[in-house]
Structures are given as C-alpha cells and as structure tokens.
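Participant: Next comes the structure file upload05.txt, holding compact mmCIF, C-alpha atoms.
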```
# COMPACT_ATOMS: atom_id res chain seq x y z
CA MET O 1 4.63 -17.71 7.08
CA PHE O 2 1.77 -19.12 5.04
CA ALA O 3 1.37 -19.45 1.29
CA TYR O 4 -0.46 -16.87 -0.77
CA ARG O 5 -2.43 -17.58 -3.91
CA VAL O 6 -1.11 -14.75 -6.04
CA VAL O 7 2.56 -13.90 -6.62
CA VAL O 8 3.63 -10.26 -6.44
CA VAL O 9 5.11 -9.22 -9.77
CA ALA O 10 5.01 -5.43 -9.34
CA ALA O 11 3.92 -2.72 -6.95
CA LEU O 12 0.81 -0.60 -6.92
CA LEU O 13 0.47 2.98 -8.00
CA CYS O 14 -1.94 3.55 -5.11
CA CYS O 15 0.77 2.38 -2.70
CA GLY O 16 3.17 4.96 -4.06
CA LEU O 17 5.06 2.69 -6.47
CA ALA O 18 5.10 2.22 -10.24
CA MET O 19 2.06 0.60 -11.84
CA PRO O 20 2.99 -2.61 -13.68
CA PRO O 21 2.49 -2.48 -17.44
CA ILE O 22 -0.48 -4.13 -19.09
CA ALA O 23 0.36 -7.56 -20.46
CA ASN O 24 1.81 -7.62 -24.01
CA GLY O 25 1.78 -3.82 -24.13
CA ALA O 26 -1.79 -3.89 -25.46
CA ASN O 27 -4.38 -1.24 -24.75
CA PRO O 28 -7.39 -3.17 -23.37
CA LYS O 29 -9.62 -0.11 -23.72
CA ALA O 30 -9.17 -0.01 -27.47
CA SER O 31 -12.29 -2.13 -27.85
CA ALA O 32 -15.48 -0.15 -28.34
CA ALA O 33 -17.51 -2.60 -26.23
CA PRO O 34 -18.06 -1.44 -22.65
CA LEU O 35 -16.76 -3.62 -19.82
CA LYS O 36 -18.55 -3.04 -16.53
CA VAL O 37 -17.12 -4.40 -13.29
CA TYR O 38 -18.75 -4.43 -9.83
CA ILE O 39 -16.62 -4.47 -6.66
CA SER O 40 -18.20 -5.22 -3.27
CA VAL O 41 -15.95 -4.21 -0.36
CA ASP O 42 -16.18 -5.38 3.23
CA MET O 43 -13.69 -4.69 6.03
CA GLU O 44 -13.22 -7.77 8.22
CA GLY O 45 -11.06 -9.42 5.55
CA VAL O 46 -8.77 -6.43 5.04
CA ALA O 47 -5.11 -6.95 5.99
CA GLY O 48 -4.46 -6.19 9.66
CA VAL O 49 -8.08 -6.16 10.81
CA VAL O 50 -8.61 -8.27 13.94
CA THR O 51 -10.94 -6.48 16.39
CA SER O 52 -13.55 -3.75 16.67
CA ASP O 53 -10.68 -1.30 17.27
CA GLN O 54 -10.27 -1.28 13.48
CA LEU O 55 -13.87 -1.91 12.43
CA MET O 56 -16.06 0.60 14.20
CA PRO O 57 -16.14 4.41 14.24
CA GLY O 58 -14.67 5.44 17.57
CA GLY O 59 -12.21 2.56 17.62
CA PHE O 60 -8.70 3.89 18.13
CA GLU O 61 -7.49 2.41 14.79
CA TYR O 62 -10.66 2.87 12.71
CA GLU O 63 -9.59 5.99 10.80
CA ARG O 64 -6.30 4.35 9.78
CA PHE O 65 -7.98 1.13 8.77
CA ARG O 66 -10.72 2.73 6.73
CA ARG O 67 -7.82 4.13 4.71
CA PHE O 68 -6.36 0.62 4.37
CA MET O 69 -9.79 -0.67 3.33
CA THR O 70 -9.98 2.11 0.75
CA ASP O 71 -6.49 1.33 -0.55
CA GLU O 72 -7.43 -2.33 -1.09
CA ALA O 73 -10.59 -1.27 -2.93
CA VAL O 74 -8.63 1.18 -5.09
CA ALA O 75 -6.10 -1.57 -5.85
CA ALA O 76 -8.95 -3.75 -7.13
CA VAL O 77 -10.30 -0.84 -9.20
CA ARG O 78 -6.88 -0.19 -10.74
CA GLY O 79 -6.45 -3.88 -11.52
CA ALA O 80 -9.87 -4.08 -13.15
CA GLN O 81 -9.18 -0.96 -15.20
CA ALA O 82 -5.79 -2.29 -16.31
CA ALA O 83 -7.65 -5.39 -17.54
CA GLY O 84 -9.95 -3.21 -19.65
CA ALA O 85 -12.83 -2.21 -17.36
CA THR O 86 -14.51 0.89 -18.77
CA GLU O 87 -17.00 1.32 -15.90
CA VAL O 88 -16.50 0.38 -12.25
CA VAL O 89 -19.07 0.51 -9.45
CA VAL O 90 -17.82 0.04 -5.89
CA SER O 91 -20.15 -0.98 -3.07
CA ASP O 92 -19.23 0.26 0.43
CA SER O 93 -20.52 -2.84 2.22
CA HIS O 94 -19.19 -2.63 5.78
CA GLY O 95 -20.81 -1.33 8.95
CA ASN O 96 -22.76 1.85 8.25
CA GLY O 97 -21.86 1.70 4.56
CA GLU O 98 -19.78 4.88 4.88
CA SER O 99 -16.28 3.56 5.54
CA LEU O 100 -14.65 4.08 2.13
CA MET O 101 -12.86 7.38 1.63
CA ILE O 102 -14.50 8.27 -1.65
CA GLU O 103 -12.13 11.14 -2.50
CA LEU O 104 -9.30 8.63 -2.98
CA PHE O 105 -10.93 6.77 -5.87
CA PRO O 106 -10.39 7.51 -9.56
CA LYS O 107 -12.90 10.16 -10.58
CA ASP O 108 -14.70 7.90 -13.07
CA VAL O 109 -15.66 5.33 -10.39
CA ARG O 110 -19.19 5.32 -8.90
CA ILE O 111 -19.67 4.35 -5.26
CA VAL O 112 -22.74 2.87 -3.52
CA ARG O 113 -23.06 4.05 0.10
CA SER O 114 -25.19 3.61 3.23
CA TRP O 115 -28.20 1.42 4.06
CA PRO O 116 -30.82 0.04 3.65
CA ARG O 117 -30.79 -0.69 -0.06
CA HIS O 118 -32.12 -3.32 -2.47
CA GLY O 119 -29.43 -5.90 -3.14
CA GLU O 120 -27.67 -5.28 0.19
CA MET O 121 -23.91 -5.65 -0.48
CA MET O 122 -24.61 -5.89 -4.24
CA ALA O 123 -26.83 -2.83 -4.62
CA GLY O 124 -26.71 -1.32 -8.10
CA LEU O 125 -25.69 -4.56 -9.81
CA ASP O 126 -27.55 -5.57 -12.96
CA SER O 127 -27.09 -7.90 -15.91
CA SER O 128 -25.01 -5.35 -17.83
CA PHE O 129 -21.97 -6.10 -15.62
CA ALA O 130 -19.37 -8.56 -16.89
CA ALA O 131 -17.88 -9.54 -13.54
CA ALA O 132 -18.06 -9.03 -9.78
CA LEU O 133 -15.14 -8.88 -7.33
CA PHE O 134 -15.24 -9.27 -3.53
CA VAL O 135 -12.65 -7.40 -1.44
CA GLY O 136 -12.12 -7.73 2.32
CA TYR O 137 -14.56 -10.62 2.82
CA HIS O 138 -14.73 -12.95 5.85
CA ALA O 139 -15.88 -16.44 6.84
CA SER O 140 -19.45 -17.39 7.79
CA THR O 141 -21.03 -17.41 11.23
CA THR O 142 -21.06 -21.24 11.22
CA ASN O 143 -17.31 -21.48 10.50
CA PRO O 144 -15.35 -22.22 13.72
CA LYS O 145 -12.34 -20.47 12.16
CA GLY O 146 -11.99 -17.03 10.64
CA VAL O 147 -11.33 -13.52 11.86
CA ARG O 148 -14.57 -11.79 12.90
CA ALA O 149 -16.56 -14.56 11.15
CA HIS O 150 -20.28 -13.84 10.75
CA THR O 151 -23.04 -13.82 8.13
CA ILE O 152 -24.81 -10.51 7.47
CA SER O 153 -25.33 -9.63 11.15
CA SER O 154 -23.04 -10.68 13.98
CA ALA O 155 -25.54 -9.12 16.37
CA HIS O 156 -28.65 -11.00 15.19
CA PHE O 157 -27.99 -14.13 13.10
CA THR O 158 -26.35 -17.40 14.15
CA ARG O 159 -27.01 -19.27 10.89
CA VAL O 160 -28.07 -18.29 7.37
CA ALA O 161 -28.80 -21.07 4.85
CA LEU O 162 -29.96 -21.22 1.24
CA ASN O 163 -31.69 -24.37 0.00
CA GLY O 164 -30.62 -26.18 3.15
CA THR O 165 -26.92 -25.25 3.11
CA ALA O 166 -25.35 -22.73 5.50
CA VAL O 167 -23.78 -19.94 3.46
CA THR O 168 -21.29 -17.11 3.65
CA GLU O 169 -22.03 -13.53 2.63
CA ALA O 170 -19.95 -14.24 -0.47
CA GLU O 171 -22.21 -17.14 -1.44
CA LEU O 172 -25.35 -15.06 -0.91
CA ASN O 173 -23.91 -12.27 -3.00
CA ALA O 174 -22.62 -14.65 -5.67
CA ALA O 175 -26.10 -16.20 -5.97
CA TYR O 176 -27.62 -12.72 -6.25
CA ALA O 177 -25.13 -11.86 -9.01
CA GLY O 178 -25.58 -15.25 -10.66
CA ALA O 179 -29.32 -14.71 -11.00
CA MET O 180 -28.38 -11.76 -13.24
CA GLY O 181 -25.83 -13.76 -15.19
CA VAL O 182 -22.84 -12.07 -13.53
CA PRO O 183 -19.92 -14.29 -12.41
CA VAL O 184 -17.81 -13.65 -9.32
CA VAL O 185 -14.19 -13.75 -10.47
CA PHE O 186 -12.14 -12.64 -7.45
CA ILE O 187 -12.15 -12.63 -3.66
CA SER O 188 -9.78 -11.42 -0.94
CA GLY O 189 -9.90 -12.09 2.80
CA ASP O 190 -8.43 -14.32 5.48
CA ASP O 191 -7.47 -17.94 4.79
CA ALA O 192 -10.62 -19.36 6.41
CA ALA O 193 -12.83 -17.18 4.21
CA ILE O 194 -10.97 -18.05 1.02
CA GLY O 195 -11.04 -21.77 1.81
CA GLU O 196 -14.75 -21.70 2.62
CA VAL O 197 -15.80 -19.69 -0.43
CA THR O 198 -13.64 -21.40 -3.04
CA GLY O 199 -14.69 -24.77 -1.63
CA ARG O 200 -18.31 -23.86 -2.41
CA LEU O 201 -18.01 -21.64 -5.49
CA GLY O 202 -14.97 -23.26 -7.09
CA GLN O 203 -11.42 -22.03 -7.54
CA MET O 204 -11.01 -18.42 -8.62
CA GLN O 205 -8.42 -15.68 -8.41
CA SER O 206 -8.02 -14.98 -4.69
CA VAL O 207 -5.77 -13.20 -2.23
CA ILE O 208 -5.19 -14.35 1.35
CA THR O 209 -4.59 -11.15 3.31
CA LYS O 210 -3.97 -12.89 6.65
CA LYS O 211 -3.93 -16.26 8.38
CA SER O 212 -6.59 -16.65 11.06
CA LEU O 213 -5.25 -17.46 14.51
CA GLY O 214 -8.63 -16.98 16.18
CA PHE O 215 -11.75 -14.84 16.10
CA HIS O 216 -9.73 -11.79 17.19
CA SER O 217 -6.20 -12.64 16.02
CA ALA O 218 -4.28 -13.21 12.81
CA GLU O 219 -0.88 -13.34 11.15
CA THR O 220 -1.26 -10.62 8.55
CA LEU O 221 0.26 -9.09 5.47
CA THR O 222 1.15 -5.42 5.58
CA PRO O 223 -1.34 -3.09 3.87
CA ALA O 224 1.10 -2.37 1.02
CA ALA O 225 1.74 -6.06 0.33
CA SER O 226 -1.98 -6.77 0.35
CA CYS O 227 -2.59 -3.97 -2.16
CA ASP O 228 0.06 -5.39 -4.47
CA LEU O 229 -1.58 -8.80 -4.46
CA ILE O 230 -5.10 -7.47 -4.89
CA TYR O 231 -4.06 -5.37 -7.87
CA GLN O 232 -2.49 -8.36 -9.58
CA GLY O 233 -5.39 -10.64 -8.63
CA ALA O 234 -8.02 -8.25 -9.95
CA LEU O 235 -6.04 -7.73 -13.16
CA ALA O 236 -5.80 -11.48 -13.75
CA ALA O 237 -9.40 -12.14 -12.71
CA VAL O 238 -10.98 -9.58 -15.02
CA SER O 239 -8.61 -10.52 -17.85
CA HIS O 240 -9.74 -14.16 -17.57
CA ARG O 241 -13.35 -13.52 -16.56
CA ASP O 242 -14.64 -15.90 -19.24
CA GLN O 243 -13.21 -18.81 -17.24
CA ARG O 244 -15.77 -18.23 -14.48
CA LYS O 245 -19.47 -19.02 -14.77
CA PRO O 246 -22.32 -17.36 -12.84
CA TYR O 247 -23.29 -19.11 -9.59
CA VAL O 248 -26.96 -19.96 -10.10
CA LEU O 249 -29.24 -21.59 -7.52
CA THR O 250 -32.47 -23.33 -8.41
CA ALA O 251 -35.64 -21.34 -7.61
CA PRO O 252 -37.78 -21.16 -5.60
CA LEU O 253 -35.19 -20.48 -2.90
CA THR O 254 -35.54 -21.58 0.70
CA LEU O 255 -33.97 -19.22 3.21
CA ASP O 256 -33.40 -20.47 6.76
CA ILE O 257 -32.23 -18.05 9.44
CA SER O 258 -31.50 -18.69 13.10
CA PHE O 259 -31.54 -15.75 15.51
CA LYS O 260 -29.73 -15.15 18.77
CA SER O 261 -33.06 -13.99 20.17
CA TYR O 262 -35.94 -16.40 20.79
CA THR O 263 -38.43 -13.54 20.59
CA THR O 264 -37.31 -12.40 17.14
CA ALA O 265 -38.09 -15.82 15.66
CA GLU O 266 -41.50 -15.77 17.33
CA ILE O 267 -42.46 -12.30 16.10
CA VAL O 268 -41.19 -12.77 12.53
CA SER O 269 -43.22 -16.01 12.27
CA TYR O 270 -46.41 -13.92 12.59
CA LEU O 271 -45.87 -13.09 8.91
CA ARG O 272 -47.95 -15.56 6.86
CA SER O 273 -45.02 -16.07 4.46
CA VAL O 274 -42.75 -17.23 7.30
CA GLU O 275 -42.58 -20.64 8.99
CA ARG O 276 -41.05 -21.06 12.42
CA THR O 277 -38.86 -24.17 12.27
CA ASP O 278 -37.54 -24.22 15.85
CA SER O 279 -37.32 -21.93 18.87
CA HIS O 280 -34.72 -19.63 17.30
CA SER O 281 -35.23 -20.25 13.56
CA ILE O 282 -37.52 -19.31 10.69
CA ARG O 283 -37.94 -20.29 7.04
CA PHE O 284 -38.89 -18.09 4.09
CA VAL O 285 -39.34 -19.24 0.49
CA GLY O 286 -38.58 -16.64 -2.16
CA HIS O 287 -39.38 -16.68 -5.86
CA ASP O 288 -35.90 -15.43 -6.71
CA MET O 289 -32.70 -14.06 -5.14
CA ALA O 290 -33.95 -10.48 -5.30
CA GLU O 291 -36.90 -11.40 -3.08
CA VAL O 292 -34.67 -13.39 -0.71
CA MET O 293 -32.22 -10.50 -0.41
CA ASP O 294 -35.00 -8.00 0.26
CA PHE O 295 -36.30 -10.25 3.04
CA ILE O 296 -32.83 -10.40 4.60
CA VAL O 297 -32.57 -6.61 4.45
CA PHE O 298 -35.96 -6.34 6.16
CA LEU O 299 -34.87 -8.67 8.97
CA ASP O 300 -31.56 -6.88 9.42
CA TYR O 301 -32.77 -3.30 9.35
CA TYR O 302 -36.40 -2.99 10.37
CA ASP O 303 -36.78 -1.06 13.60
CA PRO O 304 -40.10 0.53 14.67
CA GLU O 305 -38.07 3.35 16.25
CA MET O 306 -36.46 4.32 12.94
CA LYS O 307 -36.62 7.99 12.02
CA PRO O 308 -36.09 9.65 8.62
```
In structure tokens, how does this file's structure come out?
Facilitator:
Amino acid sequence: MFAYRVVVVAALLCCGLAMPPIANGANPKASAAPLKVYISVDMEGVAGVVTSDQLMPGGFEYERFRRFMTDEAVAAVRGAQAAGATEVVVSDSHGNGESLMIELFPKDVRIVRSWPRHGEMMAGLDSSFAAALFVGYHASTTNPKGVRAHTISSAHFTRVALNGTAVTEAELNAAYAGAMGVPVVFISGDDAAIGEVTGRLGQMQSVITKKSLGFHSAETLTPAASCDLIYQGALAAVSHRDQRKPYVLTAPLTLDISFKSYTTAEIVSYLRSVERTDSHSIRFVGHDMAEVMDFIVFLDYYDPEMKP
C-alpha cells in the first residue's frame, strides 16, 4: 500500500457512521461573520475511477460512481461546515456538468450545474469566498502518469500553458480564484495529480484517493475510506485557511494551447487576437484570468451546429 497525506481519526456521517466532534467542543458558527466556501468537484480523481465505464453516462458503472462522486463532495461539504462554513457552493465540474446527485446534499448548499458558463469549473466564485477546495481532480495532459490525465478537454487539447508553463486544471482554477483573492486550501485525487499540483502551488491539505498504475489503472481506496479522509482534510483545510495564500499570476496572461487537430489551430488563428505558434498550437494574451477562462470556454464549447 502507499502512504496517504491525511490520517483517519473518525468516520463520516455521510458514510453511515458517527460524525467526529468539532475540535475543542467549540461552535465555529457562533461568529456572526459569514464564511463562504467554494468546492469544485471533478470525477477522474474520485476513488475507484479508472475508465470511461465509471465516467460517462451509459457506462455500466456510471450510476454507482456518480453516487461515489457525490459522497466525496458531501464529505467535503460536511468538513467545511464543521470548520465553520456558513455558505457552501458546489460546482459540478465533470462531463456534462450534471453528475452530482443534488438531492443528497445538505439543503443549504447551492450547486452549479451544466455548461457553458463563465468561470468554467469555478463558475459562481467571487471575492466574497474565503477558500476554495478541489475534489476528485486529476493530473494534466502533459503528465506521463496519472489516471485519465488531461487538461480541460481530453478530446481536443494536448497542452495548455499559462505564461509559458504547462498547467493542470487545478492550476488554471487556482489562478482564476487567486485573481479574486481566494486561496485554494485542499485537493483530492490520485497520487500523480497531488504531486503535480502541490509541486506547483505549494503544500496544502490533500487526500490521495488512489495510486496511479497507468492511464486506465490504479490501486484505490474504497469509497468509504476516501470519504473519511476528505471530511478530515476539508475540516483541517478550512480551519487553517489563513495558512494558504491566493495563487496570483502576473497579467497580462499568455495562454498557449495545442490541439490534436491541425485544422482547429488554423481556423482559430483567423481571429485577430490569436497567434498561430506552430502547426497544432495557438497563443492568446488575456488582460486577466476571467478573459483567459472565457477564451478557453469558447474553444472547448463553440460548435456551429449548437441548438438552444
């Protein structure tokens, strides 16, 4: 077995066991000041996920694994609330944006669903939030390790870089949050994802849900064990949120994207704001992360055959 970053000290309510008490018996909600927490949830980094059988509607394990994805998200919500969060927004950030089973969340949670949307995986975030958490995240498309590793679109993009450095989805989203002054305090996913992200963003509370054995294979925790760890990690992360600083990149921001398709790079370069840098790659310079993220959404979702 491999080492995990967070030690289990109690079991989760959402997994059918007793919720651990809040540290020191204090009531963190006694403070009148609101504490808003944003949780972005993907699926490739969820415990047990290894192939499209779990990831896509129609896959023979998808319905079970969307429940496991939901349980991990609920564990993060419960942990954040135990640490004093008074408002929680959860972003359904996988596939069609409709994987989370919203009826299983606490009734005071708000959930962002479906696409396209400004902010992509961070839609609805603003500067009023105190912290952001990433659940079920994966490694980047340029990482030779990692289960189902990709950046934004496994179908279209072979490299995504900001200011000359290839990035993960977590880094993109952390930079988007950082531009609003919001720090990322927690991440869960496979060992390749955690190593990649913490190596770039610095050490933070994290949970390794599985050890990558290949693009389609892993040694994994059980769903219940993963929920336990995520609850404790989210509780610790939000409790110690002041130890993390926002991840801020210097503007203007240079976005480089390489496509699988030669033709896509050619057509996109017809836009006067876009430079074609090689046969499969383009460059866009944005004034800020909001503009960069909107451009990524445009590239990922525009289709002349789209219907209302």
Participant: With 6 Å as the cut-off and all atoms listed in the file counted, what is the closest atom pair between each nearby residue of stretch 25-135 of chain O and stretch 167-188 of chain O? Distances in Å to one decimal, ordered by chain and number, as CSV.
Facilitator:
```
residue,atom,partner,partner_atom,distance
O:Ser127,CA,O:Met180,CA,4.9
O:Ala130,CA,O:Val182,CA,6.0
O:Ala131,CA,O:Pro183,CA,5.3
O:Ala132,CA,O:Val184,CA,4.6
O:Leu133,CA,O:Phe186,CA,4.8
O:Phe134,CA,O:Ile187,CA,4.6
O:Val135,CA,O:Ser188,CA,5.0
```
Participant: I need the residue nearest O:Gln54 from this list: O:Gly84, O:Gly124, O:Pro106, O:Gly95. Use only C-alpha atoms for the distance.
Facilitator: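 For O:Gln54, the nearest of the candidates is O:Gly95.
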Participant: For a quick check of understanding, using all atoms listed in the file, which of O:Ala236, O:Val41, O:Ala83, O:Ala166 has the smallest distance to O:Ser140?
Facilitator: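 Smallest distance to O:Ser140 is found for O:Ala166.
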Participant: Could I get the residues of stretch 199-276 of chain O with an atom no further than 12 Å from an atom of stretch 290-303 of chain O, each paired with its nearest atom pair and that distance in Å to one decimal, using all atoms listed in the file, sorted by chain and residue number, as CSV?
Facilitator:
```
residue,atom,partner,partner_atom,distance
O:Leu249,CA,O:Val292,CA,12.0
O:Ala251,CA,O:Val292,CA,10.6
O:Pro252,CA,O:Val292,CA,9.7
O:Leu253,CA,O:Val292,CA,7.4
O:Thr254,CA,O:Val292,CA,8.4
O:Leu255,CA,O:Val292,CA,7.1
O:Asp256,CA,O:Ile296,CA,10.3
O:Ile257,CA,O:Ile296,CA,9.1
O:Ser258,CA,O:Leu299,CA,11.3
O:Phe259,CA,O:Leu299,CA,10.2
O:Thr264,CA,O:Leu299,CA,9.3
O:Ala265,CA,O:Leu299,CA,10.3
O:Ile267,CA,O:Leu299,CA,11.0
O:Val268,CA,O:Leu299,CA,8.3
O:Ser269,CA,O:Leu299,CA,11.6
O:Leu271,CA,O:Phe295,CA,11.6
O:Ser273,CA,O:Phe295,CA,10.6
O:Val274,CA,O:Phe295,CA,10.4
```
Participant: Counting only C-alpha atoms, what is within 6 Å of O:Ile208, bar same-chain residues fewer than 5 positions away, as a compact mmCIF listing (two decimals) with C-alpha atoms, in the frame of the given file?
Facilitator:
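around.txt was written with the following content:
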```txt
# COMPACT_ATOMS: atom_id res chain seq x y z
CA TYR O 4 -0.46 -16.87 -0.77
CA SER O 188 -9.78 -11.42 -0.94
CA GLY O 189 -9.90 -12.09 2.80
CA ASP O 190 -8.43 -14.32 5.48
CA ASP O 191 -7.47 -17.94 4.79
```
Participant: What is the atom CA of O:Leu213-atom CA of O:Val50 distance in Å, reported with one decimal?
Facilitator: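 Value for the atom CA of O:Leu213-atom CA of O:Val50 distance: 9.8 Å.
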Participant: Hey, could you make a per-residue contact list for stretch 221-282 of chain O against stretch 66-71 of chain O with 12 Å as the cut-off, showing the nearest pair of atoms and its distance in Å to one decimal, counting only C-alpha atoms, sorted by chain and number, as CSV?
Facilitator:
```
residue,atom,partner,partner_atom,distance
O:Leu221,CA,O:Phe68,CA,11.8
O:Thr222,CA,O:Phe68,CA,9.7
O:Pro223,CA,O:Phe68,CA,6.3
O:Ala224,CA,O:Asp71,CA,8.6
O:Ala225,CA,O:Asp71,CA,11.1
O:Ser226,CA,O:Asp71,CA,9.3
O:Cys227,CA,O:Asp71,CA,6.8
O:Asp228,CA,O:Asp71,CA,10.2
O:Leu229,CA,O:Asp71,CA,11.9
O:Ile230,CA,O:Asp71,CA,9.9
O:Tyr231,CA,O:Asp71,CA,10.2
```
Participant: Work out how far atom CA of O:Leu162 is from atom CA of O:Ser279, in Å to one decimal.
Facilitator: 19.1 Å
Participant: Work out how far atom CA of O:Val147 is from atom CA of O:Leu55, in Å to one decimal.
Facilitator: 11.9 Å
Participant: Any idea what's packed within 6 Å of O:Ala80, counting only C-alpha atoms, ignoring anything in its chain fewer than 3 positions away? Could you give it as an NGL selection string?
Facilitator: :O and (77 or 83 or 85 or 234-235 or 238)
Participant: List every protein, DNA or RNA residue that has at least one atom no more than 8 Å from (-18.2, -15.0, 10.1) in the file's coordinates, counting only C-alpha atoms, and write the result as a compact mmCIF listing (two decimals) with C-alpha atoms, in the coordinates of the input.
Facilitator:
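Written file, selection.txt:
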```
# COMPACT_ATOMS: atom_id res chain seq x y z
CA HIS O 138 -14.73 -12.95 5.85
CA ALA O 139 -15.88 -16.44 6.84
CA SER O 140 -19.45 -17.39 7.79
CA THR O 141 -21.03 -17.41 11.23
CA THR O 142 -21.06 -21.24 11.22
CA ASN O 143 -17.31 -21.48 10.50
CA GLY O 146 -11.99 -17.03 10.64
CA VAL O 147 -11.33 -13.52 11.86
CA ARG O 148 -14.57 -11.79 12.90
CA ALA O 149 -16.56 -14.56 11.15
CA HIS O 150 -20.28 -13.84 10.75
CA THR O 151 -23.04 -13.82 8.13
CA SER O 154 -23.04 -10.68 13.98
CA THR O 168 -21.29 -17.11 3.65
```
Participant: With distances taken over only C-alpha atoms, which residue among O:Pro116, O:Pro246, O:Pro308, O:Gly195 lies nearest O:Tyr137?
Facilitator: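 With only C-alpha atoms as the atom set, the closest residue is O:Gly195.
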Participant: Just need the box for stretch 247-250 of chain O, edges along x, y and z, holding every atom the file lists for it with 3 Å tacked onto each side, so centre and edge lengths in Å to one decimal, as AutoDock Vina command-line options.
Facilitator:
```
--center_x -27.9 --center_y -21.2 --center_z -8.8 --size_x 15.2 --size_y 10.2 --size_z 8.6
```
Participant: O:Thr165, O:Gln205, O:Asn96, O:Thr86: which is nearest O:Val109, counting all atoms listed in the file?
Facilitator: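 Among the listed residues, O:Thr86 lies closest to O:Val109.
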Participant: Considering only C-alpha atoms, can you say which of O:Ser128, O:Glu266, O:Phe65, O:Arg78 comes closest to O:Phe105?
Facilitator: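 Counting only C-alpha atoms, the residue closest to O:Phe105 is O:Arg78.
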Participant: Just the residues within 10 Å of O:Gly202, please, counting all atoms listed in the file, with nothing from its chain fewer than 4 positions along; format it as a list of chain:residue names.
Facilitator: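 That gives O:Gly195, O:Glu196, O:Val197, O:Thr198, O:Arg244, O:Lys245, O:Tyr247.
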Participant: Kindly complete stretch 280-291 of chain O to N, CA, C and O atoms; the output should be written as a PDB file, keeping the file's coordinate frame.
Facilitator:
```pdb
ATOM      1  N   HIS O 280     -35.499 -20.793  17.704  1.00  0.00           N
ATOM      2  CA  HIS O 280     -34.720 -19.630  17.300  1.00  0.00           C
ATOM      3  C   HIS O 280     -34.664 -19.443  15.776  1.00  0.00           C
ATOM      4  O   HIS O 280     -33.950 -18.570  15.299  1.00  0.00           O
ATOM      5  N   SER O 281     -35.420 -20.234  15.017  1.00  0.00           N
ATOM      6  CA  SER O 281     -35.230 -20.250  13.560  1.00  0.00           C
ATOM      7  C   SER O 281     -36.529 -20.084  12.789  1.00  0.00           C
ATOM      8  O   SER O 281     -37.602 -20.493  13.242  1.00  0.00           O
ATOM      9  N   ILE O 282     -36.377 -19.493  11.592  1.00  0.00           N
ATOM     10  CA  ILE O 282     -37.520 -19.310  10.690  1.00  0.00           C
ATOM     11  C   ILE O 282     -37.137 -19.720   9.287  1.00  0.00           C
ATOM     12  O   ILE O 282     -35.948 -19.850   8.952  1.00  0.00           O
ATOM     13  N   ARG O 283     -38.166 -19.932   8.446  1.00  0.00           N
ATOM     14  CA  ARG O 283     -37.940 -20.290   7.040  1.00  0.00           C
ATOM     15  C   ARG O 283     -38.808 -19.402   6.159  1.00  0.00           C
ATOM     16  O   ARG O 283     -39.978 -19.160   6.447  1.00  0.00           O
ATOM     17  N   PHE O 284     -38.190 -18.913   5.078  1.00  0.00           N
ATOM     18  CA  PHE O 284     -38.890 -18.090   4.090  1.00  0.00           C
ATOM     19  C   PHE O 284     -38.559 -18.638   2.716  1.00  0.00           C
ATOM     20  O   PHE O 284     -37.408 -18.939   2.420  1.00  0.00           O
ATOM     21  N   VAL O 285     -39.554 -18.762   1.861  1.00  0.00           N
ATOM     22  CA  VAL O 285     -39.340 -19.240   0.490  1.00  0.00           C
ATOM     23  C   VAL O 285     -39.548 -18.072  -0.464  1.00  0.00           C
ATOM     24  O   VAL O 285     -40.637 -17.468  -0.506  1.00  0.00           O
ATOM     25  N   GLY O 286     -38.514 -17.750  -1.217  1.00  0.00           N
ATOM     26  CA  GLY O 286     -38.580 -16.640  -2.160  1.00  0.00           C
ATOM     27  C   GLY O 286     -38.638 -17.102  -3.597  1.00  0.00           C
ATOM     28  O   GLY O 286     -38.086 -18.159  -3.942  1.00  0.00           O
ATOM     29  N   HIS O 287     -39.289 -16.334  -4.449  1.00  0.00           N
ATOM     30  CA  HIS O 287     -39.380 -16.680  -5.860  1.00  0.00           C
ATOM     31  C   HIS O 287     -38.036 -16.551  -6.569  1.00  0.00           C
ATOM     32  O   HIS O 287     -37.770 -17.258  -7.539  1.00  0.00           O
ATOM     33  N   ASP O 288     -37.199 -15.639  -6.082  1.00  0.00           N
ATOM     34  CA  ASP O 288     -35.900 -15.430  -6.710  1.00  0.00           C
ATOM     35  C   ASP O 288     -34.954 -14.802  -5.679  1.00  0.00           C
ATOM     36  O   ASP O 288     -35.350 -14.493  -4.552  1.00  0.00           O
ATOM     37  N   MET O 289     -33.690 -14.596  -6.070  1.00  0.00           N
ATOM     38  CA  MET O 289     -32.700 -14.060  -5.140  1.00  0.00           C
ATOM     39  C   MET O 289     -32.994 -12.615  -4.760  1.00  0.00           C
ATOM     40  O   MET O 289     -32.667 -12.185  -3.649  1.00  0.00           O
ATOM     41  N   ALA O 290     -33.608 -11.859  -5.640  1.00  0.00           N
ATOM     42  CA  ALA O 290     -33.950 -10.480  -5.300  1.00  0.00           C
ATOM     43  C   ALA O 290     -34.934 -10.444  -4.137  1.00  0.00           C
ATOM     44  O   ALA O 290     -34.797  -9.634  -3.202  1.00  0.00           O
ATOM     45  N   GLU O 291     -35.933 -11.344  -4.166  1.00  0.00           N
ATOM     46  CA  GLU O 291     -36.900 -11.400  -3.080  1.00  0.00           C
ATOM     47  C   GLU O 291     -36.250 -11.883  -1.785  1.00  0.00           C
ATOM     48  O   GLU O 291     -36.518 -11.352  -0.694  1.00  0.00           O
TER      49      GLU O 291
END
```
